[in-house]
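Structure record follows, encoded as structure tokens.
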Amino acid sequence: MIDLIDLPELKYPPFEPSVPAVLREKDLFGAIRKRDILVHHPYESFAPVMEFLVSAARDPRVVAIKQTVYRTGADSALMQALIDAAHAGKEVTVVVELMARFDEQTNIDWAAKLEQAGAHVVYGVVGHKTHAKMAMVLRRETAKGATVLRRYVHLGTGNYHPRTARLYEDFGLFTANEDICADVHEVFRRLTGLGQRGALRMLVQAPFSLHEMLLASIRREAAHARAGRKAYLAAKINALLEPSVIDALYEASAAGVKIDLIVRGVCALRPGVPGLSENIAVRSIVGRFLEHSRVFYFHNGGKKDVWLSSADWMDRNLFRRVEIAFPVRERKLKERVIEEAIDVYLRDNVDAWVMDGDGRYRRKRRRGKAFAAQATLLARLAGAGSNPA
């Protein structure tokens, strides 16, 4: 692509995403088997996600690969890896969303190529877009002298699209946790229509349980507040429109729950209104990268429930799409998500816009030293390669 604007003083300086040390190990599956691994794009590279699927396609011990595809691009090494895996005789199942905005024709083309290669291509559930971001690898391994089948999973808040992974802020999680892997297997089973729907152990899924989980979590914080305990919740989402969620947030505010909402786009909630939402603050971050991750944090009496998700708090996401939310289980990873997705954004006084009770935004007034969340994360994570998680 030709660069038509020769004004370097108006451009951001280039950067190189880092690869966490744990993901630079030769045995990627072994690293995932040891513990959950979190990656934060675009500060950390999308390359390990590509390696996860490309190496699975080449690995003779891998017997099956399953993936959802919402947006992936016309020139996708990930999709080519799935085609190669199918040619190699592996069982490949791909849930392709044909109604993905901007990528309809691209997805149709990939679906045709996958079917020609022998992959099992599924087009989702009638009336519901498949927006969940999941990939699962089934691998034959040896443990204590016996042959076992192990699942490895990648879950994300963003698309399997290498180009947007350099422009969009998102989280991804690698895990071999048996409960999460079993849940991912069950969601794929639901999408492919194989048998009756089973219960999920750790994930929550729209249109079945995600809305219910959100309301229950918000109301639980309100109960903590009424009992005189610390009560706090924060969410980082792209949009907030669903009426019953907004009502629950108003009720929680009235109960004394402190609420911080980081909403990139449309927000129908009115913060800071006397008698309605005094304890709610809403801000939006407009910077170098498109804020895209969905993060839900509930203090829950100190247990600190942290969820990552593909879903915004909108009617379409909660009731008319297949979405998932997955828990961050390990304490260090929870603290990292809270810091990198919530705390740094609440300290931002450079790229932050704050909503008032009339729904209007004003630029955050800078007091003291300038602090930009994206620039901070870029300096902290990108190019360092020292982050262990």
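We name chains A, B, ... following the order of the structure tokens; residues begin at 1 in each chain, and ligands are numbered from 1 as shown.
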
Requested in this report: Write out as a PyMOL selection string each polymer residue whose atoms come within 10 Å of A:Gly89, counting only C-alpha atoms; drop sequence neighbours fewer than 6 positions from it.
Outcome: chain A and resi 57+60+63-64+117-119

Considering only C-alpha atoms, return as an mmCIF file with N, CA and C atoms, in the first residue's frame whatever protein or nucleic-acid residues lie within 10 Å of A:Glu278, sequence-local ones (same chain, fewer than 3 positions apart) excluded.
data_model
loop_
_atom_site.group_PDB
_atom_site.id
_atom_site.type_symbol
_atom_site.label_atom_id
_atom_site.label_comp_id
_atom_site.auth_asym_id
_atom_site.auth_seq_id
_atom_site.Cartn_x
_atom_site.Cartn_y
_atom_site.Cartn_z
ATOM 1 N N TYR A 250 -28.315 1.020 37.633
ATOM 2 C CA TYR A 250 -28.926 2.113 38.390
ATOM 3 C C TYR A 250 -29.270 1.654 39.816
ATOM 4 N N SER A 253 -26.150 1.338 41.859
ATOM 5 C CA SER A 253 -25.663 2.660 42.241
ATOM 6 C C SER A 253 -26.446 3.199 43.434
ATOM 7 N N ALA A 254 -27.764 3.039 43.389
ATOM 8 C CA ALA A 254 -28.601 3.515 44.489
ATOM 9 C C ALA A 254 -28.294 2.779 45.788
ATOM 10 N N GLY A 256 -25.356 1.898 46.641
ATOM 11 C CA GLY A 256 -24.047 2.325 47.117
ATOM 12 C C GLY A 256 -22.869 1.695 46.428
ATOM 13 N N VAL A 257 -23.107 0.964 45.349
ATOM 14 C CA VAL A 257 -22.007 0.337 44.606
ATOM 15 C C VAL A 257 -21.299 1.392 43.756
ATOM 16 N N LYS A 258 -19.986 1.462 43.863
ATOM 17 C CA LYS A 258 -19.205 2.337 42.982
ATOM 18 C C LYS A 258 -19.000 1.616 41.662
ATOM 19 N N ILE A 259 -19.295 2.303 40.557
ATOM 20 C CA ILE A 259 -19.284 1.671 39.240
ATOM 21 C C ILE A 259 -18.483 2.528 38.269
ATOM 22 N N ARG A 270 -27.071 7.057 31.768
ATOM 23 C CA ARG A 270 -26.712 8.441 32.122
ATOM 24 C C ARG A 270 -26.029 8.427 33.487
ATOM 25 N N PRO A 271 -24.758 8.750 33.549
ATOM 26 C CA PRO A 271 -24.038 8.700 34.822
ATOM 27 C C PRO A 271 -24.183 9.990 35.625
ATOM 28 N N GLY A 272 -23.969 9.878 36.937
ATOM 29 C CA GLY A 272 -23.897 11.055 37.789
ATOM 30 C C GLY A 272 -25.182 11.826 37.955
ATOM 31 N N VAL A 273 -26.337 11.192 37.722
ATOM 32 C CA VAL A 273 -27.622 11.880 37.868
ATOM 33 C C VAL A 273 -28.096 11.722 39.312
ATOM 34 N N PRO A 274 -28.375 12.830 40.025
ATOM 35 C CA PRO A 274 -28.820 12.739 41.420
ATOM 36 C C PRO A 274 -30.059 11.849 41.559
ATOM 37 N N GLY A 275 -30.016 10.956 42.547
ATOM 38 C CA GLY A 275 -31.130 10.062 42.795
ATOM 39 C C GLY A 275 -31.210 8.889 41.854
ATOM 40 N N ALA A 281 -19.665 6.316 36.893
ATOM 41 C CA ALA A 281 -18.862 7.163 36.015
ATOM 42 C C ALA A 281 -18.670 6.451 34.684
ATOM 43 N N GLY A 357 -24.199 13.843 32.858
ATOM 44 C CA GLY A 357 -25.546 13.325 33.044
ATOM 45 C C GLY A 357 -26.478 13.562 31.880
#

Report task. Using DSSP on the backbone, list every residue of stretch 6-146 of chain A that comes out as strand (DSSP E), and give them as a PyMOL selection string. Result -> chain A and resi 37-41+62-69+91-96+120-122+129-130+133-143+146

Report summary line: Between A:Tyr160, A:Ala143, A:Thr106, A:Ser310, smallest distance to A:Leu78 by only C-alpha atoms belongs to A:Tyr160

Report task. Determine which residues of stretch 61-127 of chain A DSSP labels as alpha helix (DSSP H) from the backbone of this structure, then write them out as a ChimeraX atom specification. Result -> /A:77-87,104-117

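The interatomic distance for the pair atom CA of A:Lys113 and atom CA of A:His161 works out to 17.6 Å.
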